[in-house]
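Asker: Could you have a look at this structure, given as structure tokens, before my questions?
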Number of protein chains: 2
Amino acid sequence: MRFEGGALLLLDQTALPAEERWLRLTRADEVADAIRRLAVRGAPAIGLAAAYGLVLAARDGSGSSSLRERVHAAADLLAATRPTAVNLRWALDRALESFEAALPSGEEAAGRALAECAHSLAAAQLRQDRRIGEHGAQLFAAGHRVLTHCNAGALATGGAGTAGAVLAAAWEGGRLAHVWVDETRPLLQGARLTAWELGRAGIPYEIVPDSAAGALMARGLVDAVVVGADRIAANGDVANKIGTYGVAALAARHDIPFYVAAPLSTVDPATAAGAAIPIEERSADEVTTVRGMRMAPAGAAAFNPAFDVTPNELVTAIVTEAGVLRAPMRSALADALGAATSPVA
Amino acid sequence: MRFEGGALLLLDQTALPAEERWLRLTRADEVADAIRRLAVRGAPAIGLAAAYGLVLAARDGSGSSSLRERVHAAADLLAATRPTAVNLRWALDRALESFEAALPSGEEAAGRALAECAHSLAAAQLRQDRRIGEHGAQLFAAGHRVLTHCNAGALATGGAGTAGAVLAAAWEGGRLAHVWVDETRPLLQGARLTAWELGRAGIPYEIVPDSAAGALMARGLVDAVVVGADRIAANGDVANKIGTYGVAALAARHDIPFYVAAPLSTVDPATAAGAAIPIEERSADEVTTVRGMRMAPAGAAAFNPAFDVTPNELVTAIVTEAGVLRAPMRSALADALGAATSPVA
């Protein structure tokens, strides 16, 4: 993800790994569309893209509405694209705060504030991801075979990744032997994106059907699991890609540590527990067809929840930029958030 | 599956649901090939197809070898096609016994014995499947929403199905509201075959990604699980399609009954426990490509075990033609097998 020449450049994740196609977006509604159709995805990455969407909205003088109206309308549009990841709302709120604070100094200052906020969020994401990687890598040891679900690499954050940063740091530190990549149906973010990222980094991996995780664990082939998160409730319940809960339940059954890697911006203190997290339901076509080819009988119905909730008791630790948090998770998260937002920190 | 005009007619399961293509096989090696590439699949169905394969071998006088050599060579070829399902070996053994018993009466009698054995296995399968359906339907109640994994319908047995017969009987008896169909990656036997069968039977269903089972259970949307089996060890451990174990573990976590439906021919008293069941590993291409289209990066490795093992403690009951068997499973299975093979039964 890059901002150049007044446009947001996005590597189209729907085209990977077959094609490295860059999208050049100049309007907020184009960014909203890219988020909706998963050209950009991953909780932190869509937050960042949305922040840049506001920058584009501020620069788009084509309509008759005022700058303030344009920016707020764009924020509403962008916030409505996907309901589960809290980083989207979080990043938009940060950007709108900067914008409103600068507005009394004039429209140019307010537009500049939006751009500065987006750049600063991007820089912070990269710093946080690297810290997440450093903290998380300490949890692994030489020879470890680690299973991951979906994609939580650089593509998913616009920085260095969350679970992906942990895997990269562990690999560089000699604390990783092999990654089991859940293919992650229906959209195959594991087989398409995580495999692509691991291959570029030279990290040994094998793709497996999502349903093979249990067999791998039963055979003693998995030493740890690490995944990202789309929203973490105040009690440590974790919403993440559909199937994460099943992996966590199997890991618990086999006494395999289950780690969640996420920046503190993924924690939503306003959501008390996982049951209150809105779960996006996506089109049945994502399940019944593959690249436009129908797999299921004509007219077959399908149910396609994009996320599930892993209860906090199945989470061994949450790896954040502030360190590795463990149970009791509610107080650990509250302390970390308090420290992160206190003026002293 | 039909035997007509000296040929085995098989509905090609690789072409479903897009196309109802019948294969006409006249040689045992064609049957072996059809089993290997899953044109016919499902533990009882491949046993039946193999028995008909011997009939074809007996009739194939093109080579120089004797009838006995031809039939035994065909049995070896057919037995080697797939390692996990025990019904394949079981059906071949029944057929060879009939053949050897008739051989002293002449080649014609021996060939006729093979045909009679295959027809009799097919008729027995249908009877057993119907009894499995009747016994299993009693386990459900009005309004039940039942999850199934892979395909264990008529296509999988050559009769009425195992888990499929249970679902059909429950539906006819007003004991079923809805079926959750795990799509069953990598080859989508659920989305392609089970959905096709349920649709033809008018049973309401929705296809879900395999990884959604946990979310469905956590939301209280699953009242029971029923699956088939490829081999049941003497202690009740169950080898079935990859992912079955994960579903069973989640069902146990949510106190949802987990039923296995299988004829007694699926029980292998010679295999003490699940760990001794050979698990077929299939081509990585089944995971990395869909209908020839590459999903994963070029050169990506994948691991593709076709089956997993569900330990007996996760199995609520095994539904057989002899009734519903419950723990302690080792003695329940031994008693049922003893009764089935005793001359009195």
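Chains: A, B, ... in order of the structure tokens. Residues: from 1 per chain. Ligands: from 1, in order shown.
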Would you mind listing, as a PyMOL selection string, all residues of chain A that have at least one atom within 7 Å of chain B, where only C-alpha atoms are what counts?

Answerer: chain A and resi 17-18+185-186+191-192+195-196+205-212+214-215+242-243+245-246+250+287+295-297+301-304+308

Asker: Store the residues picked out above in a file with N, CA, C and O atoms, as a compact mmCIF listing (two decimals), in the first residue's frame.

Answerer:
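Contents of out12.txt, freshly written:
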# COMPACT_ATOMS: atom_id res chain seq x y z
N PRO A 17 -2.17 -15.18 -6.20
CA PRO A 17 -0.76 -14.99 -6.55
C PRO A 17 -0.52 -15.00 -8.07
O PRO A 17 0.63 -14.82 -8.48
N ALA A 18 -1.57 -15.18 -8.86
CA ALA A 18 -1.36 -15.31 -10.30
C ALA A 18 -0.77 -14.02 -10.89
O ALA A 18 0.07 -14.06 -11.79
N ARG A 185 -10.64 -21.53 3.19
CA ARG A 185 -11.83 -21.38 2.37
C ARG A 185 -12.77 -20.36 3.03
O ARG A 185 -12.69 -20.18 4.24
N PRO A 186 -13.64 -19.68 2.27
CA PRO A 186 -13.82 -19.93 0.84
C PRO A 186 -12.86 -19.16 -0.08
O PRO A 186 -12.71 -19.56 -1.23
N ALA A 191 -3.88 -20.16 0.98
CA ALA A 191 -3.23 -20.77 -0.20
C ALA A 191 -2.74 -19.71 -1.18
O ALA A 191 -1.72 -19.90 -1.85
N ARG A 192 -3.46 -18.58 -1.27
CA ARG A 192 -3.09 -17.57 -2.25
C ARG A 192 -2.10 -16.55 -1.68
O ARG A 192 -1.08 -16.26 -2.29
N ALA A 195 0.81 -18.15 1.42
CA ALA A 195 1.80 -18.96 0.70
C ALA A 195 2.70 -18.06 -0.15
O ALA A 195 3.92 -18.25 -0.22
N TRP A 196 2.11 -17.06 -0.79
CA TRP A 196 2.87 -16.12 -1.62
C TRP A 196 3.88 -15.36 -0.77
O TRP A 196 5.06 -15.24 -1.12
N TYR A 205 7.07 -23.97 3.80
CA TYR A 205 5.66 -24.12 4.19
C TYR A 205 5.02 -25.21 3.36
O TYR A 205 5.52 -25.58 2.30
N GLU A 206 3.89 -25.69 3.86
CA GLU A 206 2.99 -26.54 3.07
C GLU A 206 1.57 -26.06 3.29
O GLU A 206 1.17 -25.76 4.42
N ILE A 207 0.82 -25.99 2.21
CA ILE A 207 -0.60 -25.66 2.29
C ILE A 207 -1.36 -26.92 2.68
O ILE A 207 -1.04 -28.02 2.22
N VAL A 208 -2.36 -26.78 3.53
CA VAL A 208 -3.24 -27.90 3.88
C VAL A 208 -4.69 -27.46 3.80
O VAL A 208 -5.00 -26.28 4.01
N PRO A 209 -5.59 -28.39 3.47
CA PRO A 209 -7.02 -28.06 3.60
C PRO A 209 -7.29 -27.65 5.04
O PRO A 209 -6.67 -28.19 5.96
N ASP A 210 -8.21 -26.72 5.25
CA ASP A 210 -8.52 -26.27 6.61
C ASP A 210 -8.85 -27.44 7.52
O ASP A 210 -8.52 -27.45 8.70
N SER A 211 -9.51 -28.44 6.94
CA SER A 211 -10.00 -29.55 7.75
C SER A 211 -8.89 -30.52 8.14
O SER A 211 -9.15 -31.49 8.85
N ALA A 212 -7.66 -30.28 7.70
CA ALA A 212 -6.56 -31.19 8.05
C ALA A 212 -5.88 -30.80 9.35
O ALA A 212 -5.03 -31.55 9.85
N GLY A 214 -6.74 -30.82 12.45
CA GLY A 214 -6.88 -31.82 13.51
C GLY A 214 -5.96 -33.01 13.29
O GLY A 214 -5.31 -33.49 14.23
N ALA A 215 -5.89 -33.50 12.05
CA ALA A 215 -5.03 -34.65 11.75
C ALA A 215 -3.57 -34.30 11.99
O ALA A 215 -2.80 -35.11 12.53
N ILE A 242 -13.25 -17.13 9.66
CA ILE A 242 -14.00 -18.36 9.92
C ILE A 242 -13.05 -19.57 9.94
O ILE A 242 -12.20 -19.70 9.06
N GLY A 243 -13.20 -20.39 10.95
CA GLY A 243 -12.33 -21.56 11.09
C GLY A 243 -11.31 -21.41 12.19
O GLY A 243 -10.76 -22.40 12.68
N TYR A 245 -11.80 -20.55 15.27
CA TYR A 245 -12.30 -21.18 16.49
C TYR A 245 -12.05 -22.70 16.48
O TYR A 245 -11.61 -23.27 17.48
N GLY A 246 -12.30 -23.32 15.34
CA GLY A 246 -12.07 -24.76 15.25
C GLY A 246 -10.60 -25.11 15.47
O GLY A 246 -10.28 -26.08 16.17
N LEU A 250 -9.13 -27.37 18.65
CA LEU A 250 -8.26 -28.53 18.43
C LEU A 250 -6.91 -28.34 19.12
O LEU A 250 -6.36 -29.28 19.69
N VAL A 287 -18.90 -19.46 -1.75
CA VAL A 287 -18.79 -20.87 -1.38
C VAL A 287 -19.13 -21.79 -2.56
O VAL A 287 -18.46 -22.80 -2.79
N MET A 295 -19.45 -24.93 -8.50
CA MET A 295 -19.07 -26.23 -7.94
C MET A 295 -20.31 -26.98 -7.46
O MET A 295 -20.40 -28.19 -7.59
N ALA A 296 -21.24 -26.27 -6.84
CA ALA A 296 -22.42 -26.87 -6.24
C ALA A 296 -23.53 -26.96 -7.28
O ALA A 296 -23.46 -26.33 -8.34
N PRO A 297 -24.57 -27.76 -7.00
CA PRO A 297 -25.70 -27.83 -7.94
C PRO A 297 -26.33 -26.45 -8.13
O PRO A 297 -26.28 -25.61 -7.24
N ALA A 301 -28.17 -23.58 -1.85
CA ALA A 301 -27.99 -22.51 -0.87
C ALA A 301 -26.70 -22.75 -0.09
O ALA A 301 -26.28 -23.89 0.07
N ALA A 302 -26.08 -21.66 0.34
CA ALA A 302 -24.87 -21.77 1.16
C ALA A 302 -24.88 -20.68 2.21
O ALA A 302 -25.47 -19.61 2.01
N PHE A 303 -24.24 -20.96 3.32
CA PHE A 303 -24.15 -20.01 4.43
C PHE A 303 -22.67 -19.66 4.56
O PHE A 303 -21.82 -20.56 4.61
N ASN A 304 -22.36 -18.38 4.60
CA ASN A 304 -20.97 -17.95 4.48
C ASN A 304 -20.60 -16.88 5.50
O ASN A 304 -20.34 -15.74 5.15
N ASP A 308 -15.44 -16.09 12.88
CA ASP A 308 -16.02 -16.73 14.05
C ASP A 308 -15.35 -16.15 15.29
O ASP A 308 -14.45 -15.31 15.19

Asker: Counting only C-alpha atoms, which of A:Arg27, A:Arg94, A:His72, A:Arg36 gets nearest to A:Ala51?

Answerer: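 So, comparing all the options, the nearest one is A:Arg94.
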
Asker: Taking the chain letters and numbering used in this document, name the residues of stretch 295-335 of chain A that DSSP puts in strand (DSSP E), as a JSON list (two decimals) with N, CA, C and O atoms, in the first residue's frame.

Answerer:
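Now in states.json:
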[["chain", "number", "residue", "atom", "x", "y", "z"],
["A", 307, "PHE", "N", -16.41, -14.69, 9.67],
["A", 307, "PHE", "CA", -15.58, -14.75, 10.88],
["A", 307, "PHE", "C", -16.23, -15.66, 11.91],
["A", 307, "PHE", "O", -17.42, -15.98, 11.82],
["A", 308, "ASP", "N", -15.44, -16.09, 12.88],
["A", 308, "ASP", "CA", -16.02, -16.73, 14.05],
["A", 308, "ASP", "C", -15.35, -16.15, 15.29],
["A", 308, "ASP", "O", -14.45, -15.31, 15.19],
["A", 309, "VAL", "N", -15.80, -16.58, 16.45],
["A", 309, "VAL", "CA", -15.29, -16.04, 17.70],
["A", 309, "VAL", "C", -14.61, -17.15, 18.49],
["A", 309, "VAL", "O", -15.21, -18.19, 18.74],
["A", 310, "THR", "N", -13.38, -16.92, 18.86],
["A", 310, "THR", "CA", -12.64, -17.85, 19.70],
["A", 310, "THR", "C", -12.72, -17.35, 21.14],
["A", 310, "THR", "O", -12.26, -16.23, 21.42],
["A", 317, "ALA", "N", -2.06, -16.75, 24.51],
["A", 317, "ALA", "CA", -1.53, -15.40, 24.72],
["A", 317, "ALA", "C", -1.92, -14.53, 23.53],
["A", 317, "ALA", "O", -2.14, -15.05, 22.43],
["A", 318, "ILE", "N", -2.01, -13.24, 23.78],
["A", 318, "ILE", "CA", -2.21, -12.27, 22.70],
["A", 318, "ILE", "C", -0.92, -11.47, 22.58],
["A", 318, "ILE", "O", -0.46, -10.87, 23.56],
["A", 319, "VAL", "N", -0.33, -11.50, 21.39],
["A", 319, "VAL", "CA", 0.94, -10.83, 21.16],
["A", 319, "VAL", "C", 0.64, -9.45, 20.58],
["A", 319, "VAL", "O", 0.11, -9.34, 19.48],
["A", 320, "THR", "N", 0.96, -8.41, 21.33],
["A", 320, "THR", "CA", 0.71, -7.03, 20.87],
["A", 320, "THR", "C", 2.04, -6.29, 20.80],
["A", 320, "THR", "O", 3.08, -6.80, 21.24],
["A", 323, "GLY", "N", 3.67, -6.09, 24.11],
["A", 323, "GLY", "CA", 4.18, -7.29, 24.76],
["A", 323, "GLY", "C", 3.20, -8.44, 24.64],
["A", 323, "GLY", "O", 2.19, -8.34, 23.95],
["A", 324, "VAL", "N", 3.54, -9.53, 25.31],
["A", 324, "VAL", "CA", 2.73, -10.76, 25.25],
["A", 324, "VAL", "C", 1.77, -10.77, 26.44],
["A", 324, "VAL", "O", 2.19, -10.79, 27.59],
["A", 325, "LEU", "N", 0.47, -10.73, 26.13],
["A", 325, "LEU", "CA", -0.54, -10.64, 27.19],
["A", 325, "LEU", "C", -1.12, -12.03, 27.45],
["A", 325, "LEU", "O", -1.43, -12.78, 26.53]]

Asker: From the list A:Ile203, A:Ala45, A:Ala102, A:Ala327, which residue is nearest A:Ser265 when using only C-alpha atoms?

Answerer: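 The closest residue to A:Ser265 is A:Ala45.
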
Asker: Residues at most 8 Å from B:Phe3, counting only C-alpha atoms, excluding those fewer than 5 positions away in the same chain, as a PyMOL selection string?

Answerer: chain B and resi 8-9+52

Asker: If we count only C-alpha atoms and set the cut-off at 8 Å, which residues sit around stretch 118-130 of chain A, ignoring sequence neighbours fewer than 3 positions away in its own chain? Please answer as a ChimeraX atom specification.

Answerer: /A:44,48,51-52,55,91,95,114-115,133-134,157-162,165,263,320-321

Asker: If we count only C-alpha atoms and set the cut-off at 10 Å, which residues sit around B:Arg330, ignoring sequence neighbours fewer than 5 positions away in its own chain? Please answer as a list in words.

Answerer: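 Close residues of B:Arg330: Ala233, Ala234, Asn235, Gly236, Asp237, Pro269, Ala272, Ala273, Asn312, Leu325 and Asp335 of chain B.
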
Asker: Report the residues of stretch 134-299 of chain A whose backbone DSSP state falls under alpha helix (DSSP H), written as number ranges by chain.

Answerer: A: 134-137, 154-157, 163-172, 189, 195-201, 213-218, 244-253, 285-288

Asker: I'd like the neighbourhood of stretch 60-64 of chain B as JSON, numbers by chain, where a residue qualifies if any of its atoms comes within 9 Å (using only C-alpha atoms), though same-chain residues fewer than 6 positions away should be ignored.

Answerer: {"B": [26, 27, 28, 70]}

Asker: Dump all heavy atoms for the selected residues as a compact mmCIF listing (two decimals), in the first residue's frame?

Answerer:
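Now in again.txt:
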# COMPACT_ATOMS: atom_id res chain seq x y z
N THR B 26 -15.65 -52.23 -19.05
CA THR B 26 -15.70 -53.65 -19.44
C THR B 26 -14.46 -54.42 -19.00
O THR B 26 -14.36 -55.61 -19.24
CB THR B 26 -15.85 -53.79 -20.97
OG1 THR B 26 -14.76 -53.09 -21.59
CG2 THR B 26 -17.16 -53.19 -21.45
N ARG B 27 -13.49 -53.72 -18.37
CA ARG B 27 -12.27 -54.40 -17.91
C ARG B 27 -11.98 -54.04 -16.46
O ARG B 27 -12.28 -52.91 -16.01
CB ARG B 27 -11.09 -54.03 -18.80
CG ARG B 27 -11.22 -54.47 -20.26
CD ARG B 27 -9.84 -54.51 -20.95
NE ARG B 27 -9.01 -53.39 -20.55
CZ ARG B 27 -8.91 -52.24 -21.22
NH1 ARG B 27 -9.60 -52.05 -22.33
NH2 ARG B 27 -8.14 -51.28 -20.78
N ALA B 28 -11.35 -54.95 -15.75
CA ALA B 28 -11.04 -54.72 -14.33
C ALA B 28 -10.11 -53.52 -14.17
O ALA B 28 -10.23 -52.76 -13.20
CB ALA B 28 -10.40 -55.97 -13.72
N ARG B 70 -6.14 -64.59 -13.86
CA ARG B 70 -6.76 -63.30 -14.22
C ARG B 70 -7.52 -62.70 -13.04
O ARG B 70 -7.38 -61.53 -12.73
CB ARG B 70 -7.76 -63.49 -15.37
CG ARG B 70 -7.17 -63.57 -16.74
CD ARG B 70 -8.17 -63.15 -17.81
NE ARG B 70 -9.48 -63.79 -17.73
CZ ARG B 70 -9.77 -65.00 -18.20
NH1 ARG B 70 -8.81 -65.74 -18.75
NH2 ARG B 70 -10.99 -65.48 -18.11

Asker: Can you work out which one of B:Glu97, B:Ala239, B:Leu23, B:His254 has the shortest atom-to-atom distance to B:Met217, counting only C-alpha atoms?

Answerer: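 Comparing B:Glu97, B:Ala239, B:Leu23, B:His254 against B:Met217, the winner is B:His254.
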
Asker: Could you tell me how far atom CA of B:Asn240 lies from atom CA of B:Ala262, in Å and to one decimal?

Answerer: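 If I compute the distance from atom CA of B:Asn240 to atom CA of B:Ala262, I get 10.7 Å.
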